[in-house]
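Undergrad: Data file protein-v1.cif (mmCIF, C-alpha atoms) is appended below.
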```cif
data_model
#
loop_
_atom_site.group_PDB
_atom_site.id
_atom_site.type_symbol
_atom_site.label_atom_id
_atom_site.label_comp_id
_atom_site.auth_asym_id
_atom_site.auth_seq_id
_atom_site.Cartn_x
_atom_site.Cartn_y
_atom_site.Cartn_z
ATOM 1 C CA MET A 1 -81.962 -159.199 -158.805
ATOM 2 C CA LYS A 2 -81.434 -160.444 -162.362
ATOM 3 C CA ASN A 3 -81.797 -156.948 -163.755
ATOM 4 C CA SER A 4 -78.963 -155.557 -161.599
ATOM 5 C CA TRP A 5 -76.658 -158.462 -162.525
ATOM 6 C CA TRP A 6 -77.057 -157.661 -166.239
ATOM 7 C CA MET A 7 -76.484 -153.979 -165.622
ATOM 8 C CA ARG A 8 -73.265 -154.671 -163.711
ATOM 9 C CA SER A 9 -72.017 -156.976 -166.468
ATOM 10 C CA LEU A 10 -72.883 -154.434 -169.118
ATOM 11 C CA CYS A 11 -71.119 -151.656 -167.177
ATOM 12 C CA ILE A 12 -67.980 -153.773 -166.744
ATOM 13 C CA ILE A 13 -67.882 -154.570 -170.460
ATOM 14 C CA PHE A 14 -68.407 -150.918 -171.363
ATOM 15 C CA LEU A 15 -65.672 -149.723 -168.981
ATOM 16 C CA GLY A 16 -63.282 -152.358 -170.339
ATOM 17 C CA TRP A 17 -64.008 -151.258 -173.912
ATOM 18 C CA LEU A 18 -63.552 -147.611 -172.940
ATOM 19 C CA LEU A 19 -60.207 -148.349 -171.283
ATOM 20 C CA VAL A 20 -58.906 -150.262 -174.311
ATOM 21 C CA THR A 21 -59.975 -147.644 -176.860
ATOM 22 C CA THR A 22 -58.568 -144.711 -174.905
ATOM 23 C CA SER A 23 -55.225 -146.447 -174.423
ATOM 24 C CA PHE A 24 -54.911 -147.013 -178.182
ATOM 25 C CA ALA A 25 -55.943 -143.443 -178.938
ATOM 26 C CA ALA A 26 -53.374 -142.041 -176.515
ATOM 27 C CA GLU A 27 -50.474 -143.823 -178.232
ATOM 28 C CA GLU A 28 -50.767 -142.359 -181.722
ATOM 29 C CA LYS A 29 -51.250 -138.597 -181.818
ATOM 30 C CA ILE A 30 -49.733 -135.137 -181.807
ATOM 31 C CA THR A 31 -49.311 -133.673 -178.324
ATOM 32 C CA VAL A 32 -48.772 -129.979 -177.695
ATOM 33 C CA ARG A 33 -46.010 -129.816 -175.120
ATOM 34 C CA ASP A 34 -45.605 -126.027 -175.063
ATOM 35 C CA PHE A 35 -47.350 -123.099 -176.753
ATOM 36 C CA THR A 36 -46.574 -119.473 -175.984
ATOM 37 C CA LEU A 37 -47.656 -116.203 -177.560
ATOM 38 C CA TYR A 38 -45.962 -112.963 -176.647
ATOM 39 C CA ASN A 39 -46.049 -109.392 -177.789
ATOM 40 C CA ASN A 40 -42.888 -107.715 -179.096
ATOM 41 C CA GLY A 41 -43.895 -104.349 -177.667
ATOM 42 C CA GLN A 42 -46.030 -103.551 -180.688
ATOM 43 C CA ASN A 43 -49.761 -104.046 -180.236
ATOM 44 C CA GLN A 44 -50.340 -105.489 -183.699
ATOM 45 C CA SER A 45 -47.728 -108.284 -183.944
ATOM 46 C CA LEU A 46 -47.410 -111.476 -181.926
ATOM 47 C CA THR A 47 -44.632 -114.044 -181.782
ATOM 48 C CA ALA A 48 -45.363 -117.751 -181.266
ATOM 49 C CA THR A 49 -43.215 -120.499 -179.777
ATOM 50 C CA LEU A 50 -44.427 -124.072 -180.142
ATOM 51 C CA HIS A 51 -43.189 -127.556 -179.231
ATOM 52 C CA LEU A 52 -45.019 -130.705 -180.408
ATOM 53 C CA ASP A 53 -44.488 -134.418 -179.762
ATOM 54 C CA TYR A 54 -45.475 -137.024 -182.368
ATOM 55 C CA GLN A 55 -46.539 -140.655 -182.029
ATOM 56 C CA LEU A 56 -46.866 -141.920 -185.611
ATOM 57 C CA THR A 57 -49.245 -144.671 -186.665
ATOM 58 C CA ASP A 58 -47.847 -147.684 -188.468
ATOM 59 C CA TYR A 59 -49.632 -146.514 -191.603
ATOM 60 C CA LEU A 60 -47.862 -143.118 -191.592
ATOM 61 C CA ARG A 61 -44.479 -144.645 -190.799
ATOM 62 C CA ASP A 62 -44.839 -147.275 -193.547
ATOM 63 C CA SER A 63 -46.033 -144.753 -196.129
ATOM 64 C CA LEU A 64 -43.020 -142.561 -195.346
ATOM 65 C CA LEU A 65 -40.557 -145.466 -195.596
ATOM 66 C CA ASN A 66 -42.136 -146.659 -198.853
ATOM 67 C CA GLY A 67 -41.490 -143.396 -200.698
ATOM 68 C CA GLY A 68 -44.486 -141.298 -199.682
ATOM 69 C CA SER A 69 -44.320 -137.804 -198.226
ATOM 70 C CA LEU A 70 -46.017 -136.455 -195.121
ATOM 71 C CA ILE A 71 -47.505 -132.966 -195.028
ATOM 72 C CA HIS A 72 -47.307 -131.119 -191.702
ATOM 73 C CA GLU A 73 -49.403 -128.014 -191.119
ATOM 74 C CA VAL A 74 -49.562 -125.675 -188.156
ATOM 75 C CA ARG A 75 -52.604 -123.464 -188.623
ATOM 76 C CA PHE A 76 -53.535 -120.307 -186.761
ATOM 77 C CA ASN A 77 -57.159 -119.112 -186.980
ATOM 78 C CA LEU A 78 -58.817 -116.006 -185.589
ATOM 79 C CA ILE A 79 -62.112 -116.819 -183.874
ATOM 80 C CA TRP A 80 -64.718 -114.200 -183.065
ATOM 81 C CA HIS A 81 -66.986 -115.513 -180.300
ATOM 82 C CA SER A 82 -70.723 -115.050 -180.585
ATOM 83 C CA ASP A 83 -73.293 -115.318 -177.813
ATOM 84 C CA TRP A 84 -76.193 -115.842 -180.189
ATOM 85 C CA TRP A 85 -75.100 -118.092 -183.012
ATOM 86 C CA PHE A 86 -71.993 -119.818 -184.354
ATOM 87 C CA ASN A 87 -68.524 -118.437 -183.831
ATOM 88 C CA LYS A 88 -66.865 -116.853 -186.867
ATOM 89 C CA SER A 89 -63.510 -118.362 -187.821
ATOM 90 C CA GLU A 90 -60.967 -117.036 -190.311
ATOM 91 C CA LYS A 91 -57.596 -118.459 -191.360
ATOM 92 C CA PHE A 92 -54.856 -116.172 -190.057
ATOM 93 C CA ALA A 93 -51.548 -117.921 -190.749
ATOM 94 C CA SER A 94 -50.304 -121.349 -191.776
ATOM 95 C CA ILE A 95 -46.929 -123.080 -191.763
ATOM 96 C CA ILE A 96 -46.704 -126.067 -194.114
ATOM 97 C CA SER A 97 -43.765 -128.478 -194.168
ATOM 98 C CA GLU A 98 -43.129 -131.705 -196.046
ATOM 99 C CA VAL A 99 -41.297 -134.746 -194.656
ATOM 100 C CA LYS A 100 -39.618 -137.197 -197.063
ATOM 101 C CA TYR A 101 -37.468 -140.290 -196.648
ATOM 102 C CA HIS A 102 -34.662 -140.978 -199.129
ATOM 103 C CA SER A 103 -33.983 -144.708 -199.089
ATOM 104 C CA LEU A 104 -30.680 -144.625 -201.026
ATOM 105 C CA SER A 105 -28.957 -142.201 -198.654
ATOM 106 C CA ARG A 106 -31.111 -143.295 -195.671
ATOM 107 C CA HIS A 107 -31.931 -139.838 -194.449
ATOM 108 C CA TYR A 108 -35.078 -137.853 -193.709
ATOM 109 C CA GLN A 109 -35.608 -134.455 -195.256
ATOM 110 C CA ILE A 110 -37.892 -131.667 -194.046
ATOM 111 C CA VAL A 111 -38.798 -128.878 -196.472
ATOM 112 C CA ARG A 112 -40.622 -125.829 -195.204
ATOM 113 C CA LYS A 113 -42.895 -124.614 -198.010
ATOM 114 C CA ASP A 114 -43.203 -120.922 -197.065
ATOM 115 C CA THR A 115 -39.461 -120.217 -196.735
ATOM 116 C CA GLY A 116 -37.955 -122.978 -198.906
ATOM 117 C CA GLU A 117 -35.579 -124.032 -196.108
ATOM 118 C CA HIS A 118 -34.680 -127.704 -195.859
ATOM 119 C CA TRP A 119 -32.971 -129.896 -193.258
ATOM 120 C CA ASN A 120 -31.608 -133.466 -193.379
ATOM 121 C CA PHE A 121 -31.656 -135.955 -190.489
ATOM 122 C CA SER A 122 -30.239 -139.430 -190.029
ATOM 123 C CA ASN A 123 -33.199 -140.788 -188.028
ATOM 124 C CA LEU A 124 -36.938 -140.222 -187.779
ATOM 125 C CA ALA A 125 -36.904 -139.193 -184.106
ATOM 126 C CA SER A 126 -34.618 -136.208 -184.718
ATOM 127 C CA ALA A 127 -36.604 -135.213 -187.825
ATOM 128 C CA LEU A 128 -39.866 -135.231 -185.853
ATOM 129 C CA LYS A 129 -38.250 -133.290 -183.013
ATOM 130 C CA HIS A 130 -37.176 -130.565 -185.442
ATOM 131 C CA LEU A 131 -40.566 -130.622 -187.184
ATOM 132 C CA GLY A 132 -42.315 -130.055 -183.845
ATOM 133 C CA SER A 133 -40.195 -127.062 -182.808
ATOM 134 C CA LEU A 134 -41.237 -123.596 -183.845
ATOM 135 C CA GLU A 135 -39.125 -120.908 -182.215
ATOM 136 C CA SER A 136 -40.026 -117.205 -182.289
ATOM 137 C CA TYR A 137 -42.314 -117.376 -185.317
ATOM 138 C CA LYS A 138 -43.561 -113.865 -186.062
ATOM 139 C CA LEU A 139 -47.249 -113.917 -186.928
ATOM 140 C CA PRO A 140 -48.687 -111.430 -189.443
ATOM 141 C CA PRO A 141 -50.009 -108.143 -188.047
ATOM 142 C CA LEU A 142 -53.377 -108.495 -186.354
ATOM 143 C CA PRO A 143 -56.404 -106.653 -187.733
ATOM 144 C CA THR A 144 -57.265 -103.481 -185.835
ATOM 145 C CA THR A 145 -60.697 -104.805 -184.801
ATOM 146 C CA VAL A 146 -59.295 -107.798 -182.915
ATOM 147 C CA TYR A 147 -59.060 -106.141 -179.517
ATOM 148 C CA LYS A 148 -62.486 -104.498 -179.778
ATOM 149 C CA ALA A 149 -64.360 -107.800 -180.184
ATOM 150 C CA ASN A 150 -64.308 -111.012 -178.168
ATOM 151 C CA THR A 151 -61.543 -112.611 -180.267
ATOM 152 C CA SER A 152 -59.184 -115.549 -179.731
ATOM 153 C CA LEU A 153 -56.320 -117.112 -181.633
ATOM 154 C CA TYR A 154 -56.757 -120.852 -182.271
ATOM 155 C CA MET A 155 -53.806 -123.114 -183.092
ATOM 156 C CA LYS A 156 -53.989 -126.673 -184.419
ATOM 157 C CA ALA A 157 -51.371 -128.987 -185.977
ATOM 158 C CA SER A 158 -51.891 -131.889 -188.393
ATOM 159 C CA LEU A 159 -49.726 -134.516 -190.074
ATOM 160 C CA SER A 160 -51.046 -136.514 -193.032
ATOM 161 C CA PRO A 161 -49.754 -138.277 -196.135
ATOM 162 C CA LYS A 162 -49.398 -136.223 -199.270
ATOM 163 C CA GLU A 163 -52.008 -137.338 -201.750
ATOM 164 C CA PRO A 164 -50.949 -138.006 -205.319
ATOM 165 C CA ASP A 165 -52.271 -135.440 -207.777
ATOM 166 C CA SER A 166 -54.314 -137.996 -209.686
ATOM 167 C CA LEU A 167 -55.576 -140.423 -207.017
ATOM 168 C CA PRO A 168 -57.130 -139.739 -203.593
ATOM 169 C CA LEU A 169 -56.459 -142.060 -200.657
ATOM 170 C CA GLY A 170 -59.903 -143.604 -201.036
ATOM 171 C CA LEU A 171 -62.944 -144.095 -198.895
ATOM 172 C CA SER A 172 -60.949 -145.574 -196.017
ATOM 173 C CA ASN A 173 -59.509 -142.098 -195.400
ATOM 174 C CA LEU A 174 -62.996 -140.854 -194.513
ATOM 175 C CA PHE A 175 -63.664 -143.548 -191.923
ATOM 176 C CA SER A 176 -60.239 -144.174 -190.382
ATOM 177 C CA GLU A 177 -57.986 -142.018 -188.242
ATOM 178 C CA ASP A 178 -54.898 -143.989 -189.304
ATOM 179 C CA HIS A 179 -54.275 -141.726 -192.283
ATOM 180 C CA SER A 180 -53.676 -138.498 -190.398
ATOM 181 C CA LEU A 181 -52.839 -137.135 -186.969
ATOM 182 C CA VAL A 182 -54.359 -133.992 -185.494
ATOM 183 C CA SER A 183 -53.349 -132.219 -182.305
ATOM 184 C CA GLN A 184 -55.680 -130.871 -179.700
ATOM 185 C CA GLY A 185 -56.505 -127.244 -180.388
ATOM 186 C CA ILE A 186 -55.184 -124.401 -178.274
ATOM 187 C CA LEU A 187 -57.379 -121.315 -177.823
ATOM 188 C CA TRP A 188 -55.633 -118.119 -176.718
ATOM 189 C CA ALA A 189 -57.767 -115.092 -175.807
ATOM 190 C CA LEU A 190 -56.515 -111.851 -177.342
ATOM 191 C CA THR A 191 -56.640 -108.958 -174.924
ATOM 192 C CA PRO A 192 -55.063 -105.490 -175.303
#
```
Please re-express this file's structure in structure tokens.
TA:
Amino acid sequence: MKNSWWMRSLCIIFLGWLLVTTSFAAEEKITVRDFTLYNNGQNQSLTATLHLDYQLTDYLRDSLLNGGSLIHEVRFNLIWHSDWWFNKSEKFASIISEVKYHSLSRHYQIVRKDTGEHWNFSNLASALKHLGSLESYKLPPLPTTVYKANTSLYMKASLSPKEPDSLPLGLSNLFSEDHSLVSQGILWALTP
């Protein structure tokens, strides 16, 4: 009798802890709302459309408002699946953008590193909405061996503070998830 009472109490405490931790984790993240790949009629080139939603942590919001920059990366990897050992992964394409806040003019600026384009926004919500929209992005041509092997395209997005050139963020960056946000990964099988 006593043994089952302790087990019930322990289960209730564990379920309560699990509920609290998952509710906090669900509030601050990058959510993939829409991801589509389509072929332009050519076998070797794909076009991607992507929409992301952001829930910033207080740390990221404060670092942005205090003069720091945030680095946003959308990364596409090719993954060759293996039945025997580890899967082989190779970087295929990457889109890197930087988000800054200018306190004198009170506007947010997004600079896309690969094209040099930049946009200005009056509030953070509209800046994040633009940052999370990728319309008709043409991916590089696929290697010819992609359709012969069991290959997939893997997409993942991240948002983290830009580190100064001389100083890293410190040891707390290794043990805390407050310093960066990472989306769930999307795996898309490539078939001819």
Undergrad: Have a look at CA of Ala157 in chain A and CA of Glu73 in chain A and let me know their distance in Å, one decimal.
TA: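 Interatomic distance, CA of Ala157 in chain A to CA of Glu73 in chain A: 5.6 Å.
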Undergrad: Please identify all polymer residues within 8 Å of range 111-128 of chain A, counting only C-alpha atoms, omitting same-chain residues fewer than 6 positions from it, and present them as a PDB file with C-alpha atoms, keeping the file's coordinate frame.
TA:
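Everything below was put into around29.pdb:
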```pdb
ATOM      1  CA  ASP A  53     -44.488-134.418-179.762  1.00  0.00           C
ATOM      2  CA  TYR A  54     -45.475-137.024-182.368  1.00  0.00           C
ATOM      3  CA  ILE A  95     -46.929-123.080-191.763  1.00  0.00           C
ATOM      4  CA  ILE A  96     -46.704-126.067-194.114  1.00  0.00           C
ATOM      5  CA  SER A  97     -43.765-128.478-194.168  1.00  0.00           C
ATOM      6  CA  GLU A  98     -43.129-131.705-196.046  1.00  0.00           C
ATOM      7  CA  VAL A  99     -41.297-134.746-194.656  1.00  0.00           C
TER       8      VAL A  99
END
```
Undergrad: Identify the residues within 8 Å of coordinate (-61.8, -117.8, -185.8) (same frame as the file), considering all atoms listed in the file, and give the answer as a PDB file with C-alpha atoms, keeping the file's coordinate frame.
TA:
```pdb
ATOM      1  CA  ASN A  77     -57.159-119.112-186.980  1.00  0.00           C
ATOM      2  CA  LEU A  78     -58.817-116.006-185.589  1.00  0.00           C
ATOM      3  CA  ILE A  79     -62.112-116.819-183.874  1.00  0.00           C
ATOM      4  CA  TRP A  80     -64.718-114.200-183.065  1.00  0.00           C
ATOM      5  CA  HIS A  81     -66.986-115.513-180.300  1.00  0.00           C
ATOM      6  CA  ASN A  87     -68.524-118.437-183.831  1.00  0.00           C
ATOM      7  CA  LYS A  88     -66.865-116.853-186.867  1.00  0.00           C
ATOM      8  CA  SER A  89     -63.510-118.362-187.821  1.00  0.00           C
ATOM      9  CA  GLU A  90     -60.967-117.036-190.311  1.00  0.00           C
ATOM     10  CA  LYS A  91     -57.596-118.459-191.360  1.00  0.00           C
ATOM     11  CA  THR A 151     -61.543-112.611-180.267  1.00  0.00           C
ATOM     12  CA  SER A 152     -59.184-115.549-179.731  1.00  0.00           C
ATOM     13  CA  LEU A 153     -56.320-117.112-181.633  1.00  0.00           C
ATOM     14  CA  TYR A 154     -56.757-120.852-182.271  1.00  0.00           C
TER      15      TYR A 154
END
```
Undergrad: Give me, please, the distance in Å between CA of Leu37 in chain A and CA of Gln109 in chain A, quoted to one decimal.
TA: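 Between CA of Leu37 in chain A and CA of Gln109 in chain A the gap works out to 28.1 Å.
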Undergrad: So what do you get for CA of Leu139 in chain A versus CA of Ile30 in chain A, distance-wise?
TA: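 If I compute the distance from CA of Leu139 in chain A to CA of Ile30 in chain A, I get 22.0 Å.
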Undergrad: Kindly resolve the PyMOL selection byres ((chain A and resi 103) around 12) on the present coordinates and return the residues as a PyMOL selection string.
TA: chain A and resi 64-68+100-102+104-109+122-123
Undergrad: Near Leu52 in chain A, within 10 Å and counting only C-alpha atoms, which residues show up once chain neighbours fewer than 2 positions away are dropped, as JSON, numbers by chain?
TA: {"A": [30, 31, 32, 33, 34, 35, 50, 54, 128, 129, 130, 131, 132, 133, 134, 157, 183]}
Undergrad: Considering only C-alpha atoms, state which residue in the set A:Leu56, A:Trp85, A:Ser158, A:Ser45 is at the smallest distance from Val146 in chain A.
TA: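 Answer, going by the shortest atom-to-atom distance: A:Ser45.
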Undergrad: Do you know which residues the PyMOL selection byres ((chain A and resi 137) around 8) returns on this file, as an MDAnalysis selection string?
TA: chainID A and resid 47:49 134:136 138:139
Undergrad: Can you put N, CA and C atoms back into range 105-134 of chain A and show it as a short mmCIF file (atom, residue, chain, number, x, y, z; two decimals), in the frame of the given file?
TA:
```
data_model
loop_
_atom_site.label_atom_id
_atom_site.label_comp_id
_atom_site.auth_asym_id
_atom_site.auth_seq_id
_atom_site.Cartn_x
_atom_site.Cartn_y
_atom_site.Cartn_z
N SER A 105 -29.89 -142.83 -199.60
CA SER A 105 -28.96 -142.20 -198.65
C SER A 105 -29.38 -142.41 -197.21
N ARG A 106 -30.57 -143.00 -197.01
CA ARG A 106 -31.11 -143.29 -195.67
C ARG A 106 -31.14 -142.06 -194.77
N HIS A 107 -31.75 -141.03 -195.27
CA HIS A 107 -31.93 -139.84 -194.45
C HIS A 107 -33.33 -139.28 -194.67
N TYR A 108 -33.77 -138.51 -193.68
CA TYR A 108 -35.08 -137.85 -193.71
C TYR A 108 -34.86 -136.39 -194.04
N GLN A 109 -35.72 -135.85 -194.86
CA GLN A 109 -35.61 -134.46 -195.26
C GLN A 109 -36.90 -133.72 -194.92
N ILE A 110 -36.76 -132.55 -194.33
CA ILE A 110 -37.89 -131.67 -194.05
C ILE A 110 -37.73 -130.42 -194.90
N VAL A 111 -38.78 -130.08 -195.63
CA VAL A 111 -38.80 -128.88 -196.47
C VAL A 111 -39.93 -127.99 -195.99
N ARG A 112 -39.60 -126.79 -195.62
CA ARG A 112 -40.62 -125.83 -195.20
C ARG A 112 -41.07 -125.06 -196.44
N LYS A 113 -42.36 -125.12 -196.75
CA LYS A 113 -42.90 -124.61 -198.01
C LYS A 113 -42.89 -123.08 -198.10
N ASP A 114 -43.11 -122.38 -196.99
CA ASP A 114 -43.20 -120.92 -197.06
C ASP A 114 -41.84 -120.25 -197.21
N THR A 115 -40.78 -120.83 -196.65
CA THR A 115 -39.46 -120.22 -196.74
C THR A 115 -38.51 -120.95 -197.68
N GLY A 116 -38.83 -122.20 -198.03
CA GLY A 116 -37.96 -122.98 -198.91
C GLY A 116 -36.77 -123.60 -198.18
N GLU A 117 -36.68 -123.43 -196.88
CA GLU A 117 -35.58 -124.03 -196.11
C GLU A 117 -35.75 -125.55 -196.07
N HIS A 118 -34.62 -126.25 -195.98
CA HIS A 118 -34.68 -127.70 -195.86
C HIS A 118 -33.58 -128.19 -194.91
N TRP A 119 -33.88 -129.31 -194.23
CA TRP A 119 -32.97 -129.90 -193.26
C TRP A 119 -32.93 -131.40 -193.49
N ASN A 120 -31.78 -132.02 -193.24
CA ASN A 120 -31.61 -133.47 -193.38
C ASN A 120 -31.28 -134.07 -192.02
N PHE A 121 -31.85 -135.27 -191.77
CA PHE A 121 -31.66 -135.96 -190.49
C PHE A 121 -31.37 -137.43 -190.74
N SER A 122 -30.59 -138.02 -189.85
CA SER A 122 -30.24 -139.43 -190.03
C SER A 122 -31.28 -140.39 -189.45
N ASN A 123 -32.15 -139.91 -188.57
CA ASN A 123 -33.20 -140.79 -188.03
C ASN A 123 -34.52 -140.03 -187.92
N LEU A 124 -35.60 -140.79 -187.80
CA LEU A 124 -36.94 -140.22 -187.78
C LEU A 124 -37.21 -139.43 -186.51
N ALA A 125 -36.66 -139.89 -185.38
CA ALA A 125 -36.90 -139.19 -184.11
C ALA A 125 -36.37 -137.76 -184.14
N SER A 126 -35.17 -137.57 -184.66
CA SER A 126 -34.62 -136.21 -184.72
C SER A 126 -35.35 -135.35 -185.75
N ALA A 127 -35.83 -135.96 -186.83
CA ALA A 127 -36.60 -135.21 -187.82
C ALA A 127 -37.92 -134.74 -187.22
N LEU A 128 -38.60 -135.61 -186.48
CA LEU A 128 -39.87 -135.23 -185.85
C LEU A 128 -39.67 -134.20 -184.75
N LYS A 129 -38.54 -134.28 -184.06
CA LYS A 129 -38.25 -133.29 -183.01
C LYS A 129 -38.07 -131.91 -183.64
N HIS A 130 -37.36 -131.85 -184.76
CA HIS A 130 -37.18 -130.56 -185.44
C HIS A 130 -38.49 -130.07 -186.04
N LEU A 131 -39.28 -130.99 -186.59
CA LEU A 131 -40.57 -130.62 -187.18
C LEU A 131 -41.50 -130.03 -186.14
N GLY A 132 -41.43 -130.51 -184.91
CA GLY A 132 -42.32 -130.06 -183.84
C GLY A 132 -41.83 -128.84 -183.09
N SER A 133 -40.72 -128.25 -183.50
CA SER A 133 -40.20 -127.06 -182.81
C SER A 133 -40.37 -125.83 -183.69
N LEU A 134 -41.05 -124.87 -183.16
CA LEU A 134 -41.24 -123.60 -183.84
C LEU A 134 -40.81 -122.52 -182.86
#
```
